[in-house]
>>> print(open('model27.tsv').read())   # TSV, C-alpha atoms
chain	number	residue	atom	x	y	z
A	1	LEU	CA	-4.16	-13.19	19.71
A	2	ASN	CA	-2.07	-14.26	22.73
A	3	ASP	CA	1.08	-12.87	21.05
A	4	GLU	CA	0.93	-15.81	18.61
A	5	VAL	CA	0.07	-13.79	15.51
A	6	PRO	CA	1.62	-10.42	14.67
A	7	LEU	CA	-0.94	-7.67	14.29
A	8	ILE	CA	-0.62	-4.74	11.88
A	9	GLY	CA	-2.43	-1.50	12.64
A	10	PHE	CA	-3.16	0.71	9.68
A	11	ALA	CA	-4.48	4.11	8.77
A	12	GLY	CA	-5.31	5.99	5.63
A	13	SER	CA	-2.71	8.51	4.54
A	14	PRO	CA	-3.39	12.21	4.87
A	15	TRP	CA	-3.93	12.55	1.10
A	16	THR	CA	-6.41	9.66	0.98
A	17	ILE	CA	-8.33	11.01	3.98
A	18	LEU	CA	-8.33	14.51	2.43
A	19	CYS	CA	-9.76	13.02	-0.78
A	20	TYR	CA	-12.70	11.51	1.08
A	21	CYS	CA	-13.23	14.60	3.28
A	22	VAL	CA	-13.33	17.05	0.40
A	23	GLN	CA	-14.94	14.82	-2.23
A	24	GLY	CA	-17.54	13.54	0.22
A	25	GLN	CA	-17.55	10.10	-1.44
A	26	GLY	CA	-15.45	7.76	-3.53
A	27	SER	CA	-14.50	8.96	-6.99
A	28	LYS	CA	-12.67	7.88	-10.12
A	29	THR	CA	-10.94	11.26	-10.37
A	30	PHE	CA	-11.23	13.02	-6.99
A	31	ASP	CA	-11.62	16.20	-8.99
A	32	LYS	CA	-13.07	18.20	-6.07
A	33	ALA	CA	-10.15	17.21	-3.83
A	34	LYS	CA	-7.64	18.15	-6.52
A	35	GLU	CA	-9.43	21.43	-7.20
A	36	PHE	CA	-9.27	22.25	-3.48
A	37	CYS	CA	-5.52	21.57	-3.39
A	38	PHE	CA	-4.76	23.47	-6.57
A	39	THR	CA	-6.95	26.51	-5.85
A	40	GLN	CA	-6.50	26.71	-2.08
A	41	PRO	CA	-3.06	25.20	-1.40
A	42	LEU	CA	-2.61	26.94	1.96
A	43	ALA	CA	-5.92	25.57	3.27
A	44	ALA	CA	-5.13	22.17	1.74
A	45	HIS	CA	-1.78	22.00	3.54
A	46	GLN	CA	-3.42	23.10	6.80
A	47	LEU	CA	-5.98	20.30	6.44
A	48	LEU	CA	-3.27	17.79	5.49
A	49	GLN	CA	-1.32	18.80	8.62
A	50	LYS	CA	-4.38	18.36	10.87
A	51	ILE	CA	-5.03	14.95	9.31
A	52	THR	CA	-1.35	14.05	9.72
A	53	ASP	CA	-1.32	15.01	13.40
A	54	THR	CA	-4.51	13.04	14.02
A	55	THR	CA	-3.19	10.02	12.12
A	56	ILE	CA	0.03	10.02	14.14
A	57	ALA	CA	-1.97	10.08	17.38
A	58	TYR	CA	-4.23	7.31	16.05
A	59	LEU	CA	-1.29	5.08	15.08
A	60	LYS	CA	0.46	5.72	18.41
A	61	ALA	CA	-2.73	4.59	20.16
A	62	LYS	CA	-2.66	1.41	18.08
A	63	VAL	CA	0.93	0.77	19.17
A	64	THR	CA	-0.06	1.36	22.81
A	65	ALA	CA	-2.91	-1.12	22.29
A	66	GLY	CA	-0.39	-3.75	21.19
A	67	VAL	CA	0.02	-3.82	17.42
A	68	ASN	CA	3.38	-5.11	16.21
A	69	ALA	CA	3.67	-2.74	13.26
A	70	VAL	CA	1.78	0.14	11.69
A	71	GLN	CA	1.13	0.79	8.03
A	72	VAL	CA	-0.11	3.85	6.18
A	73	PHE	CA	-2.19	3.23	3.06
A	74	ASP	CA	-2.41	5.89	0.40
A	75	SER	CA	-5.03	4.51	-1.93
A	76	TRP	CA	-5.28	7.61	-4.09
A	77	GLY	CA	-1.69	8.87	-4.39
A	78	GLY	CA	-1.61	7.56	-7.95
A	79	MET	CA	-4.22	10.17	-8.91
A	80	LEU	CA	-1.53	12.85	-8.72
A	81	SER	CA	1.26	13.75	-11.13
A	82	PRO	CA	4.79	13.18	-9.82
A	83	THR	CA	5.13	16.91	-9.04
A	84	ASP	CA	1.79	17.12	-7.23
A	85	TYR	CA	2.51	13.81	-5.51
A	86	SER	CA	5.70	15.17	-3.98
A	87	GLU	CA	3.72	18.09	-2.57
A	88	PHE	CA	0.57	16.34	-1.35
A	89	SER	CA	1.03	12.58	-0.98
A	90	PHE	CA	2.69	9.15	-1.11
A	91	GLY	CA	1.15	5.80	-2.00
A	92	LYS	CA	-0.34	3.21	-4.38
A	93	GLY	CA	0.35	3.61	-8.08
A	94	CYS	CA	3.37	5.80	-7.33
A	95	TRP	CA	6.29	3.58	-8.22
A	96	PHE	CA	8.09	6.70	-9.46
A	97	ALA	CA	8.41	7.88	-5.85
A	98	LEU	CA	9.87	4.69	-4.36
A	99	GLY	CA	13.36	6.21	-4.23
A	100	ASP	CA	12.12	9.17	-2.21
A	101	MET	CA	9.97	6.96	0.01
A	102	ALA	CA	12.99	4.73	0.72
A	103	LYS	CA	14.69	7.79	2.24
A	104	SER	CA	11.71	8.58	4.49
A	105	GLY	CA	12.92	6.60	7.49
A	106	ALA	CA	10.20	3.95	7.14
A	107	ALA	CA	11.23	0.42	8.08
A	108	ALA	CA	9.46	-1.03	5.04
A	109	LEU	CA	7.56	0.06	1.95
A	110	GLY	CA	4.48	-1.51	0.45
A	111	VAL	CA	4.64	-2.05	-3.29
A	112	ASP	CA	1.56	-2.45	-5.45
A	113	TRP	CA	1.21	-4.68	-8.50
A	114	THR	CA	2.05	-1.89	-10.98
A	115	CYS	CA	5.76	-2.18	-10.14
A	116	SER	CA	7.87	-5.28	-10.70
A	117	ALA	CA	10.04	-6.71	-7.92
A	118	ARG	CA	13.15	-5.89	-9.96
A	119	ASN	CA	12.15	-2.24	-10.41
A	120	ALA	CA	11.10	-1.91	-6.77
A	121	ARG	CA	14.49	-3.21	-5.59
A	122	TYR	CA	16.32	-0.97	-8.05
A	123	LEU	CA	14.34	2.19	-7.24
A	124	THR	CA	14.72	1.71	-3.47
A	125	GLY	CA	18.41	0.89	-3.65
A	126	GLY	CA	17.87	-2.61	-2.27
A	127	ASN	CA	18.36	-1.46	1.32
A	128	ILE	CA	14.80	-1.41	2.62
A	129	THR	CA	12.29	-4.14	3.31
A	130	LEU	CA	9.57	-4.33	0.68
A	131	GLN	CA	6.05	-5.64	1.11
A	132	GLY	CA	3.53	-6.70	-1.50
A	133	ASN	CA	2.85	-6.77	-4.48
A	134	PHE	CA	0.23	-9.37	-5.40
A	135	ASP	CA	-2.73	-7.87	-7.27
A	136	PRO	CA	-5.78	-8.45	-5.02
A	137	ALA	CA	-7.93	-9.14	-8.10
A	138	ARG	CA	-5.62	-12.07	-8.93
A	139	LEU	CA	-7.17	-13.85	-5.95
A	140	LEU	CA	-10.07	-14.44	-8.32
A	141	SER	CA	-7.81	-16.84	-10.27
A	142	PRO	CA	-8.00	-20.60	-9.74
A	143	PRO	CA	-6.16	-21.70	-6.55
A	144	ALA	CA	-3.46	-23.58	-8.50
A	145	ASP	CA	-2.68	-20.41	-10.47
A	146	ILE	CA	-2.58	-18.35	-7.27
A	147	LYS	CA	-0.04	-20.73	-5.73
A	148	ARG	CA	2.14	-20.61	-8.85
A	149	MET	CA	2.01	-16.78	-9.00
A	150	VAL	CA	2.79	-16.41	-5.29
A	151	THR	CA	5.83	-18.68	-5.63
A	152	GLN	CA	7.00	-16.64	-8.64
A	153	MET	CA	6.49	-13.39	-6.71
A	154	ILE	CA	8.57	-14.62	-3.76
A	155	ASN	CA	11.30	-15.86	-6.12
A	156	GLU	CA	11.44	-12.43	-7.78
A	157	PHE	CA	11.58	-10.44	-4.53
A	158	GLY	CA	13.78	-12.94	-2.67
A	159	LYS	CA	13.28	-14.03	0.91
A	160	ASP	CA	15.50	-11.34	2.45
A	161	LYS	CA	14.01	-7.94	3.26
A	162	TYR	CA	10.63	-9.01	1.93
A	163	VAL	CA	7.15	-9.40	3.42
A	164	VAL	CA	4.70	-11.34	1.27
A	165	ASN	CA	1.41	-9.50	0.97
A	166	LEU	CA	-1.19	-8.21	-1.40
A	167	GLY	CA	-0.44	-5.00	-3.24
A	168	HIS	CA	-3.50	-3.41	-1.59
A	169	GLY	CA	-6.56	-4.47	0.40
A	170	ILE	CA	-8.42	-7.71	-0.25
A	171	LEU	CA	-11.60	-7.43	-2.29
A	172	PRO	CA	-14.89	-8.41	-0.64
A	173	ASN	CA	-15.81	-10.93	-3.36
A	174	ILE	CA	-12.69	-13.11	-3.00
A	175	PRO	CA	-13.60	-16.76	-2.30
A	176	VAL	CA	-12.20	-17.94	1.04
A	177	GLU	CA	-10.52	-20.93	-0.62
A	178	ASN	CA	-8.62	-18.57	-2.92
A	179	ALA	CA	-7.37	-16.46	-0.01
A	180	LYS	CA	-6.37	-19.73	1.66
A	181	ALA	CA	-4.44	-20.76	-1.48
A	182	PHE	CA	-2.45	-17.52	-1.18
A	183	ILE	CA	-1.60	-18.19	2.47
A	184	ASP	CA	-0.84	-21.86	1.84
A	185	ALA	CA	1.53	-20.94	-1.01
A	186	VAL	CA	3.51	-18.73	1.37
A	187	LYS	CA	3.61	-21.39	4.10
A	188	GLU	CA	4.67	-24.07	1.59
A	189	TYR	CA	7.30	-21.92	-0.15
A	190	LYS	CA	10.69	-23.49	-0.60
A	191	THR	CA	13.61	-22.22	-2.62
A	192	SER	CA	14.42	-24.40	-5.58
>>> encode(input="model27.tsv", output="structure tokens")
Amino acid sequence: LNDEVPLIGFAGSPWTILCYCVQGQGSKTFDKAKEFCFTQPLAAHQLLQKITDTTIAYLKAKVTAGVNAVQVFDSWGGMLSPTDYSEFSFGKGCWFALGDMAKSGAAALGVDWTCSARNARYLTGGNITLQGNFDPARLLSPPADIKRMVTQMINEFGKDKYVVNLGHGILPNIPVENAKAFIDAVKEYKTS
């Protein structure tokens, strides 16, 4: 990349990795992973700690390899109740935990599309950089609509302490021209 484009390294969160390890596959409920945590909490926390230690080493290796930032994705944190979430996880679908996450020492927090910009700013106290929150499925909309929605999203978050991004990973069936419309909207953004 010749230091011309910032590169983000990412990893799955310990909870998300635990879900896949215990469940053995994707799931709508991750019932086996939850059962493991609720019936064997000591073993679950030991596994979460091993995953955490490995993830830290993995992300440090990414930094050594030259990434400009690292990000942790917790795709399945929203599967937990707020109480269970505070014990086992952090992540997508967990707007209720933004206040706690803002106190974590992270430089920025990713916000998914289930939380408005206004609520995200309020819940985090307005003192942390936010990233997101465009619904990846919205990239299936016509390009003109995508550009309008991206402009609205930036207006709602504001340009300060904000990184424009999707609220989660891009879907494999997104047309390239629609992804380009998203990027072009950001590049063309001007305050009114």
>>> atom_distance(input="model27.tsv", atom1="atom CA of A:Val150", atom2="atom CA of A:Val186")
7.1 Å
>>> residues_around(input="model27.tsv", residues="stretch 162-171 of chain A", least_positions_apart="3", cutoff="9 Å", atoms="all atoms listed in the file", output="PDB file with C-alpha atoms, in the coordinates of the input")
ATOM      1  CA  PHE A  73      -2.190   3.230   3.060  1.00  0.00           C
ATOM      2  CA  SER A  75      -5.030   4.510  -1.930  1.00  0.00           C
ATOM      3  CA  LYS A  92      -0.340   3.210  -4.380  1.00  0.00           C
ATOM      4  CA  ALA A 108       9.460  -1.030   5.040  1.00  0.00           C
ATOM      5  CA  GLY A 110       4.480  -1.510   0.450  1.00  0.00           C
ATOM      6  CA  VAL A 111       4.640  -2.050  -3.290  1.00  0.00           C
ATOM      7  CA  ASP A 112       1.560  -2.450  -5.450  1.00  0.00           C
ATOM      8  CA  TRP A 113       1.210  -4.680  -8.500  1.00  0.00           C
ATOM      9  CA  THR A 114       2.050  -1.890 -10.980  1.00  0.00           C
ATOM     10  CA  ILE A 128      14.800  -1.410   2.620  1.00  0.00           C
ATOM     11  CA  THR A 129      12.290  -4.140   3.310  1.00  0.00           C
ATOM     12  CA  LEU A 130       9.570  -4.330   0.680  1.00  0.00           C
ATOM     13  CA  GLN A 131       6.050  -5.640   1.110  1.00  0.00           C
ATOM     14  CA  GLY A 132       3.530  -6.700  -1.500  1.00  0.00           C
ATOM     15  CA  ASN A 133       2.850  -6.770  -4.480  1.00  0.00           C
ATOM     16  CA  PHE A 134       0.230  -9.370  -5.400  1.00  0.00           C
ATOM     17  CA  ASP A 135      -2.730  -7.870  -7.270  1.00  0.00           C
ATOM     18  CA  PRO A 136      -5.780  -8.450  -5.020  1.00  0.00           C
ATOM     19  CA  ALA A 137      -7.930  -9.140  -8.100  1.00  0.00           C
ATOM     20  CA  LEU A 139      -7.170 -13.850  -5.950  1.00  0.00           C
ATOM     21  CA  VAL A 150       2.790 -16.410  -5.290  1.00  0.00           C
ATOM     22  CA  MET A 153       6.490 -13.390  -6.710  1.00  0.00           C
ATOM     23  CA  ILE A 154       8.570 -14.620  -3.760  1.00  0.00           C
ATOM     24  CA  PHE A 157      11.580 -10.440  -4.530  1.00  0.00           C
ATOM     25  CA  GLY A 158      13.780 -12.940  -2.670  1.00  0.00           C
ATOM     26  CA  LYS A 159      13.280 -14.030   0.910  1.00  0.00           C
ATOM     27  CA  ILE A 174     -12.690 -13.110  -3.000  1.00  0.00           C
ATOM     28  CA  ALA A 179      -7.370 -16.460  -0.010  1.00  0.00           C
ATOM     29  CA  VAL A 186       3.510 -18.730   1.370  1.00  0.00           C
TER      30      VAL A 186
END
>>> residues_around(input="model27.tsv", residues="A:Cys37", least_positions_apart="5", cutoff="12 Å", atoms="all atoms listed in the file", output="number ranges by chain")
A: 15, 18-19, 22-23, 30-32, 42-48, 80, 84-85, 87-89
>>> residues_around(input="model27.tsv", residues="A:Leu123", least_positions_apart="4", cutoff="7 Å", atoms="all atoms listed in the file", output="MDAnalysis selection string")
chainID A and resid 98:99 119
>>> residues_around(input="model27.tsv", residues="stretch 2-8 of chain A", least_positions_apart="4", cutoff="9 Å", atoms="all atoms listed in the file", output="PyMOL selection string")
chain A and resi 62+66-71
>>> axis_aligned_box(input="model27.tsv", around="stretch 114-125 of chain A", padding_each_side="4 Å", output="JSON")
{"center_x": 10.2, "center_y": -2.3, "center_z": -7.2, "size_x": 24.4, "size_y": 16.9, "size_z": 15.5}
>>> atom_distance(input="model27.tsv", atom1="atom CA of A:Glu156", atom2="atom CA of A:Ser116")
8.5 Å
>>> atom_distance(input="model27.tsv", atom1="atom CA of A:Asp74", atom2="atom CA of A:Ile183")
24.2 Å
>>> closest_residue(input="model27.tsv", among="A:Ala144, A:Val63, A:Ala181, A:Met79", to="A:Phe10", atoms="only C-alpha atoms")
A:Val63
>>> closest_residue(input="model27.tsv", among="A:Ala57, A:Phe182, A:Lys34, A:Gly9", to="A:Cys21", atoms="all atoms listed in the file")
A:Lys34
>>> closest_residue(input="model27.tsv", among="A:Ala11, A:Lys147, A:Pro142, A:Phe36", to="A:Ala61", atoms="all atoms listed in the file")
A:Ala11
>>> closest_residue(input="model27.tsv", among="A:Lys50, A:Lys190, A:Lys180, A:Lys60", to="A:Pro143", atoms="only C-alpha atoms")
A:Lys180
>>> closest_residue(input="model27.tsv", among="A:Arg118, A:Arg148, A:Lys103, A:Arg138", to="A:Glu188", atoms="only C-alpha atoms")
A:Arg148
>>> closest_residue(input="model27.tsv", among="A:Cys115, A:Ile17, A:Val72, A:Ile56", to="A:Phe96", atoms="all atoms listed in the file")
A:Cys115
>>> residues_around(input="model27.tsv", residues="A:Cys94", least_positions_apart="5", cutoff="8 Å", atoms="all atoms listed in the file", output="list in words")
Gly77, Gly78 and Pro82 of chain A
